[in-house]
Amino acid sequence: MKKIMLTIMALFMINISYGQFTLGPRLGLSSSTVDFDPFTIGGETVSSGNATAGFHAGAFARVTLGFLYIQPEALFTQSGGEIELNDGVLKEIREVEFNKLDFPVMIGTKFLKIFRIQAGPTFSMLLDAEAKGLEEDIKSGYKDSTIGYQAGAGVDLWNLVIDVKYEGNLSTFGDELFGFPTDQNNNQWLVSVGFKLF
């Protein structure tokens, strides 16, 4: 992953010399889920629940070269999802929360002067993971770093940069939940607003 990041940064620095450059802060809201195959613990079925709300904040840059642009971002992201425990009589909801550093690199094109479409990889580093209501540490069941993807559309209005994107995992995000092996993915919808400083 380090070689990939260094290559992207090198290409980005080269592009700054020849293209149109934009930089600024951005923040937004997200709706995320924890997806996995249901399993049973002591007569209780554990399955994915509803989406939960999160947020992200950081900075973005954009280099425009002809009809294409490259838009790397550096974001602190809070995401998660609900997990349902059902014994056939009662249903208990556990909310899982993740704090991550995300580094999406969007490649896109602009049309009709203000609209954009884009897609690209995202590199994530997990800072913290917790299940609300439980004191036990669940971070050990998740990967320290993962690779995913983002795809979506955006609009530029004056100095505002507005994006709607979907994020999914290309590598398994978690392989253990409550001590039981299971493949997990943390997928999310993101709505972001950025401001061009120049």
# chains A, B, ... in the order shown; residues from 1 in each chain; ligands from 1

$ residues_around --residues "A:Gln150" --least-positions-apart "5" --cutoff "9 Å" --atoms "only C-alpha atoms" --output "number ranges by chain"
A: 104-106, 118-122, 165-168

$ write_last_selection --atoms "all heavy atoms" --output "PDB file, in the first residue's frame"
ATOM      1  N   PRO A 104      -9.370   8.732  -0.196  1.00  0.00           N
ATOM      2  CA  PRO A 104      -9.909   8.442  -1.530  1.00  0.00           C
ATOM      3  C   PRO A 104      -9.106   9.184  -2.600  1.00  0.00           C
ATOM      4  O   PRO A 104      -8.605  10.286  -2.368  1.00  0.00           O
ATOM      5  CB  PRO A 104     -11.351   8.984  -1.472  1.00  0.00           C
ATOM      6  CG  PRO A 104     -11.590   9.359  -0.037  1.00  0.00           C
ATOM      7  CD  PRO A 104     -10.261   9.595   0.577  1.00  0.00           C
ATOM      8  N   VAL A 105      -9.010   8.571  -3.777  1.00  0.00           N
ATOM      9  CA  VAL A 105      -8.402   9.225  -4.937  1.00  0.00           C
ATOM     10  C   VAL A 105      -9.389   9.093  -6.090  1.00  0.00           C
ATOM     11  O   VAL A 105      -9.496   8.046  -6.724  1.00  0.00           O
ATOM     12  CB  VAL A 105      -7.048   8.583  -5.308  1.00  0.00           C
ATOM     13  CG1 VAL A 105      -6.441   9.316  -6.512  1.00  0.00           C
ATOM     14  CG2 VAL A 105      -6.089   8.619  -4.135  1.00  0.00           C
ATOM     15  N   MET A 106     -10.125  10.159  -6.354  1.00  0.00           N
ATOM     16  CA  MET A 106     -11.155  10.144  -7.382  1.00  0.00           C
ATOM     17  C   MET A 106     -10.584  10.565  -8.737  1.00  0.00           C
ATOM     18  O   MET A 106      -9.786  11.503  -8.822  1.00  0.00           O
ATOM     19  CB  MET A 106     -12.296  11.096  -7.024  1.00  0.00           C
ATOM     20  CG  MET A 106     -13.044  10.749  -5.738  1.00  0.00           C
ATOM     21  SD  MET A 106     -14.025   9.240  -5.890  1.00  0.00           S
ATOM     22  CE  MET A 106     -12.891   8.038  -5.187  1.00  0.00           C
ATOM     23  N   GLN A 118     -17.406  10.550 -11.130  1.00  0.00           N
ATOM     24  CA  GLN A 118     -16.085  10.187 -10.658  1.00  0.00           C
ATOM     25  C   GLN A 118     -16.093   8.809 -10.005  1.00  0.00           C
ATOM     26  O   GLN A 118     -17.135   8.318  -9.568  1.00  0.00           O
ATOM     27  CB  GLN A 118     -15.590  11.216  -9.643  1.00  0.00           C
ATOM     28  CG  GLN A 118     -16.533  11.359  -8.450  1.00  0.00           C
ATOM     29  CD  GLN A 118     -16.200  12.556  -7.589  1.00  0.00           C
ATOM     30  OE1 GLN A 118     -15.186  13.222  -7.778  1.00  0.00           O
ATOM     31  NE2 GLN A 118     -17.046  12.842  -6.624  1.00  0.00           N
ATOM     32  N   ALA A 119     -14.928   8.199  -9.946  1.00  0.00           N
ATOM     33  CA  ALA A 119     -14.755   6.912  -9.278  1.00  0.00           C
ATOM     34  C   ALA A 119     -13.273   6.719  -9.008  1.00  0.00           C
ATOM     35  O   ALA A 119     -12.421   7.338  -9.654  1.00  0.00           O
ATOM     36  CB  ALA A 119     -15.292   5.757 -10.136  1.00  0.00           C
ATOM     37  N   GLY A 120     -12.957   5.860  -8.035  1.00  0.00           N
ATOM     38  CA  GLY A 120     -11.559   5.587  -7.745  1.00  0.00           C
ATOM     39  C   GLY A 120     -11.377   4.806  -6.463  1.00  0.00           C
ATOM     40  O   GLY A 120     -12.345   4.521  -5.746  1.00  0.00           O
ATOM     41  N   PRO A 121     -10.140   4.453  -6.151  1.00  0.00           N
ATOM     42  CA  PRO A 121      -9.864   3.675  -4.944  1.00  0.00           C
ATOM     43  C   PRO A 121      -9.865   4.552  -3.697  1.00  0.00           C
ATOM     44  O   PRO A 121      -9.691   5.775  -3.770  1.00  0.00           O
ATOM     45  CB  PRO A 121      -8.461   3.124  -5.211  1.00  0.00           C
ATOM     46  CG  PRO A 121      -7.824   4.179  -6.068  1.00  0.00           C
ATOM     47  CD  PRO A 121      -8.924   4.710  -6.939  1.00  0.00           C
ATOM     48  N   THR A 122     -10.060   3.909  -2.547  1.00  0.00           N
ATOM     49  CA  THR A 122      -9.907   4.596  -1.272  1.00  0.00           C
ATOM     50  C   THR A 122      -9.099   3.704  -0.335  1.00  0.00           C
ATOM     51  O   THR A 122      -9.311   2.487  -0.288  1.00  0.00           O
ATOM     52  CB  THR A 122     -11.273   4.968  -0.656  1.00  0.00           C
ATOM     53  OG1 THR A 122     -11.066   5.643   0.585  1.00  0.00           O
ATOM     54  CG2 THR A 122     -12.134   3.749  -0.423  1.00  0.00           C
ATOM     55  N   LYS A 165     -21.463  10.131  -2.998  1.00  0.00           N
ATOM     56  CA  LYS A 165     -20.677   8.964  -3.388  1.00  0.00           C
ATOM     57  C   LYS A 165     -21.103   7.725  -2.604  1.00  0.00           C
ATOM     58  O   LYS A 165     -21.588   7.835  -1.477  1.00  0.00           O
ATOM     59  CB  LYS A 165     -19.180   9.219  -3.154  1.00  0.00           C
ATOM     60  CG  LYS A 165     -18.600  10.342  -3.985  1.00  0.00           C
ATOM     61  CD  LYS A 165     -17.103  10.473  -3.805  1.00  0.00           C
ATOM     62  CE  LYS A 165     -16.743  11.052  -2.467  1.00  0.00           C
ATOM     63  NZ  LYS A 165     -15.291  11.312  -2.331  1.00  0.00           N
ATOM     64  N   TYR A 166     -20.896   6.563  -3.224  1.00  0.00           N
ATOM     65  CA  TYR A 166     -21.068   5.286  -2.541  1.00  0.00           C
ATOM     66  C   TYR A 166     -19.691   4.672  -2.324  1.00  0.00           C
ATOM     67  O   TYR A 166     -18.844   4.712  -3.221  1.00  0.00           O
ATOM     68  CB  TYR A 166     -21.924   4.323  -3.371  1.00  0.00           C
ATOM     69  CG  TYR A 166     -22.065   2.959  -2.738  1.00  0.00           C
ATOM     70  CD1 TYR A 166     -22.967   2.754  -1.697  1.00  0.00           C
ATOM     71  CD2 TYR A 166     -21.275   1.898  -3.156  1.00  0.00           C
ATOM     72  CE1 TYR A 166     -23.086   1.511  -1.095  1.00  0.00           C
ATOM     73  CE2 TYR A 166     -21.384   0.651  -2.559  1.00  0.00           C
ATOM     74  CZ  TYR A 166     -22.293   0.468  -1.528  1.00  0.00           C
ATOM     75  OH  TYR A 166     -22.403  -0.767  -0.925  1.00  0.00           O
ATOM     76  N   GLU A 167     -19.472   4.123  -1.132  1.00  0.00           N
ATOM     77  CA  GLU A 167     -18.194   3.494  -0.824  1.00  0.00           C
ATOM     78  C   GLU A 167     -18.396   2.031  -0.466  1.00  0.00           C
ATOM     79  O   GLU A 167     -19.267   1.693   0.350  1.00  0.00           O
ATOM     80  CB  GLU A 167     -17.503   4.207   0.342  1.00  0.00           C
ATOM     81  CG  GLU A 167     -16.166   3.581   0.727  1.00  0.00           C
ATOM     82  CD  GLU A 167     -15.505   4.288   1.899  1.00  0.00           C
ATOM     83  OE1 GLU A 167     -15.439   5.535   1.868  1.00  0.00           O
ATOM     84  OE2 GLU A 167     -15.069   3.599   2.833  1.00  0.00           O
ATOM     85  N   GLY A 168     -17.601   1.157  -1.049  1.00  0.00           N
ATOM     86  CA  GLY A 168     -17.628  -0.267  -0.740  1.00  0.00           C
ATOM     87  C   GLY A 168     -16.230  -0.785  -0.497  1.00  0.00           C
ATOM     88  O   GLY A 168     -15.240  -0.094  -0.751  1.00  0.00           O
TER      89      GLY A 168
END

$ select_by_dssp --residues "chain A" --states "helix (DSSP H, G or I)" --output "ChimeraX atom specification"
/A:2-18,139-141

$ residues_around --residues "stretch 62-69 of chain A" --least-positions-apart "2" --cutoff "6 Å" --atoms "only C-alpha atoms" --output "list in words"
Gly19, Gln20, Phe21, Thr22, Gln71, Ile107, Gly108 and Thr109 of chain A

$ write_last_selection --atoms "C-alpha atoms" --output "tab-separated table (two decimals), in the first residue's frame"
chain	number	residue	atom	x	y	z
A	19	GLY	CA	-2.71	21.41	-14.64
A	20	GLN	CA	-5.29	23.57	-12.94
A	21	PHE	CA	-5.03	23.14	-9.16
A	22	THR	CA	-7.73	23.50	-6.48
A	71	GLN	CA	-9.18	14.53	-6.75
A	107	ILE	CA	-10.70	10.25	-11.15
A	108	GLY	CA	-13.49	12.00	-12.96
A	109	THR	CA	-14.71	14.22	-15.74

$ select_by_dssp --residues "stretch 4-117 of chain A" --states "strand (DSSP E)" --output "CSV table (one decimal) with N, CA, C and O atoms, in the first residue's frame"
chain,number,residue,atom,x,y,z
A,20,GLN,N,-4.6,22.6,-13.8
A,20,GLN,CA,-5.3,23.6,-12.9
A,20,GLN,C,-5.5,23.0,-11.6
A,20,GLN,O,-6.0,21.9,-11.4
A,21,PHE,N,-5.1,23.7,-10.5
A,21,PHE,CA,-5.0,23.1,-9.2
A,21,PHE,C,-6.0,23.8,-8.2
A,21,PHE,O,-6.2,25.0,-8.3
A,22,THR,N,-6.8,23.0,-7.4
A,22,THR,CA,-7.7,23.5,-6.5
A,22,THR,C,-7.5,22.8,-5.2
A,22,THR,O,-7.2,21.6,-5.1
A,23,LEU,N,-7.7,23.5,-4.1
A,23,LEU,CA,-7.5,23.0,-2.7
A,23,LEU,C,-8.5,23.6,-1.8
A,23,LEU,O,-8.8,24.7,-1.9
A,24,GLY,N,-8.9,22.7,-0.8
A,24,GLY,CA,-9.9,23.3,0.2
A,24,GLY,C,-10.3,22.3,1.2
A,24,GLY,O,-10.1,21.1,1.1
A,25,PRO,N,-11.0,22.7,2.3
A,25,PRO,CA,-11.6,21.9,3.3
A,25,PRO,C,-12.9,21.2,2.8
A,25,PRO,O,-13.5,21.8,1.9
A,26,ARG,N,-13.3,20.1,3.5
A,26,ARG,CA,-14.6,19.5,3.2
A,26,ARG,C,-15.1,18.8,4.4
A,26,ARG,O,-14.3,18.3,5.2
A,27,LEU,N,-16.4,18.7,4.5
A,27,LEU,CA,-17.0,17.9,5.5
A,27,LEU,C,-18.3,17.4,5.0
A,27,LEU,O,-18.9,17.8,4.0
A,28,GLY,N,-18.9,16.4,5.7
A,28,GLY,CA,-20.1,15.8,5.2
A,28,GLY,C,-20.7,14.8,6.2
A,28,GLY,O,-20.2,14.5,7.3
A,29,LEU,N,-21.8,14.2,5.8
A,29,LEU,CA,-22.5,13.2,6.5
A,29,LEU,C,-22.5,11.9,5.8
A,29,LEU,O,-22.4,11.9,4.5
A,30,SER,N,-22.8,10.8,6.5
A,30,SER,CA,-22.8,9.5,5.8
A,30,SER,C,-23.9,8.6,6.5
A,30,SER,O,-24.3,8.8,7.6
A,31,SER,N,-24.2,7.6,5.7
A,31,SER,CA,-25.1,6.5,6.2
A,31,SER,C,-24.5,5.2,5.9
A,31,SER,O,-24.2,4.9,4.7
A,32,SER,N,-24.1,4.4,6.9
A,32,SER,CA,-23.3,3.2,6.7
A,32,SER,C,-23.9,2.0,7.4
A,32,SER,O,-24.7,2.1,8.4
A,33,THR,N,-23.5,0.8,6.9
A,33,THR,CA,-24.0,-0.5,7.4
A,33,THR,C,-22.8,-1.4,7.6
A,33,THR,O,-21.7,-1.2,7.0
A,34,VAL,N,-22.9,-2.4,8.5
A,34,VAL,CA,-22.0,-3.4,8.7
A,34,VAL,C,-22.6,-4.7,8.1
A,34,VAL,O,-23.7,-5.2,8.6
A,35,ASP,N,-22.1,-5.2,7.0
A,35,ASP,CA,-22.7,-6.3,6.2
A,35,ASP,C,-21.9,-7.6,6.5
A,35,ASP,O,-20.7,-7.6,6.3
A,39,PHE,N,-25.0,-15.5,11.7
A,39,PHE,CA,-24.5,-16.7,12.3
A,39,PHE,C,-25.2,-16.8,13.7
A,39,PHE,O,-25.9,-15.9,14.1
A,40,THR,N,-25.0,-17.9,14.4
A,40,THR,CA,-25.7,-18.2,15.7
A,40,THR,C,-24.7,-18.4,16.8
A,40,THR,O,-23.7,-19.0,16.7
A,41,ILE,N,-25.0,-17.7,17.9
A,41,ILE,CA,-24.3,-17.8,19.2
A,41,ILE,C,-25.2,-18.2,20.3
A,41,ILE,O,-26.1,-17.5,20.6
A,44,GLU,N,-28.8,-17.5,19.8
A,44,GLU,CA,-29.1,-16.2,19.3
A,44,GLU,C,-28.6,-16.1,17.9
A,44,GLU,O,-27.4,-16.4,17.6
A,45,THR,N,-29.4,-15.5,17.0
A,45,THR,CA,-29.0,-15.3,15.6
A,45,THR,C,-28.4,-13.8,15.5
A,45,THR,O,-29.1,-12.9,16.0
A,46,VAL,N,-27.2,-13.7,15.0
A,46,VAL,CA,-26.5,-12.4,14.9
A,46,VAL,C,-26.6,-12.1,13.4
A,46,VAL,O,-26.1,-12.8,12.6
A,47,SER,N,-27.1,-10.9,13.1
A,47,SER,CA,-27.3,-10.5,11.7
A,47,SER,C,-27.1,-9.0,11.5
A,47,SER,O,-27.1,-8.2,12.5
A,48,SER,N,-26.9,-8.5,10.3
A,48,SER,CA,-26.8,-7.1,10.0
A,48,SER,C,-28.1,-6.4,10.3
A,48,SER,O,-29.2,-6.9,10.1
A,52,THR,N,-26.5,3.4,10.2
A,52,THR,CA,-26.4,4.5,11.2
A,52,THR,C,-25.7,5.7,10.5
A,52,THR,O,-25.1,5.6,9.5
A,53,ALA,N,-25.9,6.8,11.2
A,53,ALA,CA,-25.4,8.1,10.6
A,53,ALA,C,-24.0,8.3,11.1
A,53,ALA,O,-23.7,7.9,12.3
A,54,GLY,N,-23.2,8.9,10.3
A,54,GLY,CA,-21.8,9.2,10.7
A,54,GLY,C,-21.4,10.6,10.0
A,54,GLY,O,-22.2,11.3,9.4
A,55,PHE,N,-20.1,10.9,10.1
A,55,PHE,CA,-19.7,12.1,9.5
A,55,PHE,C,-18.2,12.0,9.1
A,55,PHE,O,-17.5,11.0,9.4
A,56,HIS,N,-17.8,12.9,8.3
A,56,HIS,CA,-16.4,12.9,7.8
A,56,HIS,C,-15.9,14.4,7.7
A,56,HIS,O,-16.8,15.3,7.3
A,57,ALA,N,-14.7,14.7,7.9
A,57,ALA,CA,-14.1,16.0,7.7
A,57,ALA,C,-12.6,15.9,7.4
A,57,ALA,O,-11.9,15.0,7.8
A,58,GLY,N,-12.2,16.9,6.6
A,58,GLY,CA,-10.8,16.9,6.1
A,58,GLY,C,-10.6,17.9,5.0
A,58,GLY,O,-11.1,19.0,5.1
A,59,ALA,N,-9.8,17.4,4.0
A,59,ALA,CA,-9.4,18.3,3.0
A,59,ALA,C,-9.4,17.6,1.6
A,59,ALA,O,-9.3,16.4,1.6
A,60,PHE,N,-9.5,18.3,0.5
A,60,PHE,CA,-9.5,17.8,-0.8
A,60,PHE,C,-8.6,18.6,-1.7
A,60,PHE,O,-8.4,19.8,-1.4
A,61,ALA,N,-8.1,18.0,-2.7
A,61,ALA,CA,-7.3,18.8,-3.7
A,61,ALA,C,-7.8,18.3,-5.1
A,61,ALA,O,-8.4,17.2,-5.2
A,62,ARG,N,-7.7,19.1,-6.1
A,62,ARG,CA,-8.1,18.6,-7.5
A,62,ARG,C,-7.1,19.2,-8.5
A,62,ARG,O,-6.8,20.4,-8.5
A,63,VAL,N,-6.7,18.4,-9.4
A,63,VAL,CA,-5.9,18.8,-10.5
A,63,VAL,C,-6.7,18.4,-11.8
A,63,VAL,O,-7.0,17.3,-12.0
A,64,THR,N,-6.9,19.4,-12.6
A,64,THR,CA,-7.7,19.3,-13.8
A,64,THR,C,-6.7,19.3,-15.0
A,64,THR,O,-5.9,20.2,-15.2
A,65,LEU,N,-6.8,18.2,-15.8
A,65,LEU,CA,-6.0,18.1,-17.0
A,65,LEU,C,-6.9,17.8,-18.2
A,65,LEU,O,-7.3,16.6,-18.4
A,68,LEU,N,-10.2,15.5,-17.9
A,68,LEU,CA,-10.1,14.6,-16.7
A,68,LEU,C,-9.6,15.4,-15.5
A,68,LEU,O,-8.9,16.4,-15.7
A,69,TYR,N,-10.0,15.0,-14.3
A,69,TYR,CA,-9.4,15.5,-13.1
A,69,TYR,C,-9.1,14.4,-12.1
A,69,TYR,O,-9.6,13.3,-12.2
A,70,ILE,N,-8.1,14.7,-11.3
A,70,ILE,CA,-7.7,13.8,-10.2
A,70,ILE,C,-8.0,14.5,-8.9
A,70,ILE,O,-7.6,15.7,-8.7
A,71,GLN,N,-8.8,13.9,-8.0
A,71,GLN,CA,-9.2,14.5,-6.7
A,71,GLN,C,-8.8,13.6,-5.5
A,71,GLN,O,-9.6,12.8,-5.1
A,72,PRO,N,-7.6,13.8,-5.0
A,72,PRO,CA,-7.3,13.1,-3.7
A,72,PRO,C,-7.9,13.8,-2.5
A,72,PRO,O,-8.0,15.0,-2.5
A,73,GLU,N,-8.2,13.0,-1.5
A,73,GLU,CA,-8.8,13.6,-0.3
A,73,GLU,C,-8.1,12.9,0.9
A,73,GLU,O,-7.6,11.8,0.9
A,74,ALA,N,-8.1,13.6,2.0
A,74,ALA,CA,-7.6,13.1,3.3
A,74,ALA,C,-8.7,13.4,4.3
A,74,ALA,O,-9.0,14.6,4.6
A,75,LEU,N,-9.4,12.4,4.9
A,75,LEU,CA,-10.5,12.6,5.7
A,75,LEU,C,-10.5,11.8,7.0
A,75,LEU,O,-10.0,10.6,7.1
A,76,PHE,N,-10.9,12.4,8.1
A,76,PHE,CA,-11.3,11.6,9.3
A,76,PHE,C,-12.7,11.2,9.2
A,76,PHE,O,-13.6,12.1,8.9
A,77,THR,N,-13.0,9.9,9.3
A,77,THR,CA,-14.3,9.4,9.0
A,77,THR,C,-14.9,8.6,10.2
A,77,THR,O,-14.1,7.7,10.8
A,78,GLN,N,-16.1,8.9,10.6
A,78,GLN,CA,-16.8,8.1,11.6
A,78,GLN,C,-17.9,7.3,10.9
A,78,GLN,O,-18.8,7.9,10.3
A,79,SER,N,-17.9,6.0,11.0
A,79,SER,CA,-18.9,5.2,10.3
A,79,SER,C,-19.3,4.1,11.3
A,79,SER,O,-18.8,4.0,12.4
A,80,GLY,N,-20.2,3.1,10.8
A,80,GLY,CA,-20.6,2.0,11.7
A,80,GLY,C,-21.8,1.3,11.1
A,80,GLY,O,-22.0,1.3,9.9
A,81,GLY,N,-22.7,0.9,12.0
A,81,GLY,CA,-23.9,0.2,11.6
A,81,GLY,C,-24.5,-0.6,12.8
A,81,GLY,O,-23.9,-0.7,13.9
A,82,GLU,N,-25.7,-1.1,12.6
A,82,GLU,CA,-26.4,-1.8,13.7
A,82,GLU,C,-26.2,-3.3,13.5
A,82,GLU,O,-26.1,-3.8,12.3
A,83,ILE,N,-26.1,-4.0,14.6
A,83,ILE,CA,-26.0,-5.5,14.6
A,83,ILE,C,-27.2,-6.0,15.4
A,83,ILE,O,-27.4,-5.5,16.6
A,84,GLU,N,-28.0,-6.9,14.9
A,84,GLU,CA,-29.1,-7.5,15.6
A,84,GLU,C,-28.8,-8.8,16.2
A,84,GLU,O,-28.2,-9.7,15.6
A,85,LEU,N,-29.2,-9.0,17.5
A,85,LEU,CA,-29.1,-10.3,18.2
A,85,LEU,C,-30.6,-10.7,18.5
A,85,LEU,O,-31.3,-10.0,19.2
A,86,ASN,N,-31.0,-11.9,17.9
A,86,ASN,CA,-32.4,-12.3,18.0
A,86,ASN,C,-32.4,-13.8,18.5
A,86,ASN,O,-31.9,-14.7,17.9
A,91,LYS,N,-35.4,-9.1,20.5
A,91,LYS,CA,-34.4,-8.7,19.6
A,91,LYS,C,-33.6,-7.5,20.3
A,91,LYS,O,-34.2,-6.6,20.8
A,92,GLU,N,-32.3,-7.7,20.3
A,92,GLU,CA,-31.4,-6.7,20.9
A,92,GLU,C,-30.5,-6.1,19.8
A,92,GLU,O,-30.1,-6.7,18.8
A,93,ILE,N,-30.4,-4.8,19.8
A,93,ILE,CA,-29.6,-4.0,18.8
A,93,ILE,C,-28.3,-3.5,19.5
A,93,ILE,O,-28.3,-2.9,20.5
A,94,ARG,N,-27.2,-3.8,18.8
A,94,ARG,CA,-25.9,-3.3,19.2
A,94,ARG,C,-25.4,-2.4,18.1
A,94,ARG,O,-25.5,-2.7,16.9
A,95,GLU,N,-25.0,-1.2,18.4
A,95,GLU,CA,-24.4,-0.3,17.4
A,95,GLU,C,-22.9,-0.3,17.4
A,95,GLU,O,-22.3,-0.2,18.5
A,96,VAL,N,-22.3,-0.6,16.3
A,96,VAL,CA,-20.9,-0.6,16.1
A,96,VAL,C,-20.4,0.7,15.5
A,96,VAL,O,-21.0,1.2,14.6
A,97,GLU,N,-19.3,1.2,16.0
A,97,GLU,CA,-18.8,2.5,15.5
A,97,GLU,C,-17.3,2.4,15.2
A,97,GLU,O,-16.5,1.8,16.0
A,98,PHE,N,-16.9,3.0,14.1
A,98,PHE,CA,-15.5,2.9,13.6
A,98,PHE,C,-15.0,4.4,13.4
A,98,PHE,O,-15.7,5.2,12.8
A,99,ASN,N,-13.8,4.6,13.8
A,99,ASN,CA,-13.1,5.9,13.5
A,99,ASN,C,-11.9,5.5,12.6
A,99,ASN,O,-11.1,4.7,12.9
A,100,LYS,N,-11.9,6.2,11.4
A,100,LYS,CA,-10.9,5.8,10.4
A,100,LYS,C,-10.2,7.1,9.8
A,100,LYS,O,-10.8,8.2,9.9
A,101,LEU,N,-9.1,6.9,9.2
A,101,LEU,CA,-8.5,7.9,8.3
A,101,LEU,C,-8.7,7.3,6.9
A,101,LEU,O,-8.2,6.2,6.6
A,102,ASP,N,-9.4,8.1,6.0
A,102,ASP,CA,-9.6,7.6,4.7
A,102,ASP,C,-8.9,8.5,3.7
A,102,ASP,O,-8.8,9.7,3.8
A,103,PHE,N,-8.4,7.9,2.6
A,103,PHE,CA,-7.7,8.6,1.6
A,103,PHE,C,-8.2,8.2,0.2
A,103,PHE,O,-7.6,7.4,-0.5
A,104,PRO,N,-9.4,8.7,-0.2
A,104,PRO,CA,-9.9,8.4,-1.5
A,104,PRO,C,-9.1,9.2,-2.6
A,104,PRO,O,-8.6,10.3,-2.4
A,105,VAL,N,-9.0,8.6,-3.8
A,105,VAL,CA,-8.4,9.2,-4.9
A,105,VAL,C,-9.4,9.1,-6.1
A,105,VAL,O,-9.5,8.0,-6.7
A,106,MET,N,-10.1,10.2,-6.4
A,106,MET,CA,-11.2,10.1,-7.4
A,106,MET,C,-10.6,10.6,-8.7
A,106,MET,O,-9.8,11.5,-8.8
A,107,ILE,N,-11.0,9.9,-9.8
A,107,ILE,CA,-10.7,10.2,-11.1
A,107,ILE,C,-12.0,10.5,-11.8
A,107,ILE,O,-12.9,9.6,-11.8
A,108,GLY,N,-12.2,11.7,-12.4
A,108,GLY,CA,-13.5,12.0,-13.0
A,108,GLY,C,-13.4,12.9,-14.2
A,108,GLY,O,-12.3,13.3,-14.6
A,109,THR,N,-14.6,13.3,-14.6
A,109,THR,CA,-14.7,14.2,-15.7
A,109,THR,C,-15.9,15.2,-15.5
A,109,THR,O,-16.8,14.8,-14.8
A,110,LYS,N,-15.8,16.3,-16.1
A,110,LYS,CA,-16.8,17.4,-15.9
A,110,LYS,C,-17.6,17.6,-17.2
A,110,LYS,O,-17.0,17.4,-18.3
A,111,PHE,N,-18.9,17.8,-17.0
A,111,PHE,CA,-19.7,18.1,-18.2
A,111,PHE,C,-20.7,19.2,-17.9
A,111,PHE,O,-21.1,19.4,-16.7
A,115,PHE,N,-21.4,19.9,-13.7
A,115,PHE,CA,-21.6,18.5,-13.2
A,115,PHE,C,-20.4,17.7,-13.4
A,115,PHE,O,-19.6,17.8,-14.3
A,116,ARG,N,-20.2,16.7,-12.5
A,116,ARG,CA,-19.1,15.8,-12.5
A,116,ARG,C,-19.5,14.3,-12.3
A,116,ARG,O,-20.5,14.1,-11.5
A,117,ILE,N,-18.8,13.4,-12.8
A,117,ILE,CA,-18.9,12.0,-12.4
A,117,ILE,C,-17.5,11.5,-12.1
A,117,ILE,O,-16.6,12.0,-12.7

$ closest_residue --among "A:Pro181, A:Leu112, A:Asp156, A:Phe36" --to "A:Gly49" --atoms "only C-alpha atoms"
A:Phe36

$ closest_residue --among "A:Met125, A:Leu177, A:Leu160, A:Ala151" --to "A:Leu190" --atoms "only C-alpha atoms"
A:Ala151

$ closest_residue --among "A:Leu170, A:Leu134, A:Val164, A:Val89" --to "A:Asn187" --atoms "only C-alpha atoms"
A:Leu170

$ atom_distance --atom1 "atom CA of A:Glu176" --atom2 "atom CA of A:Gly141"
4.5 Å
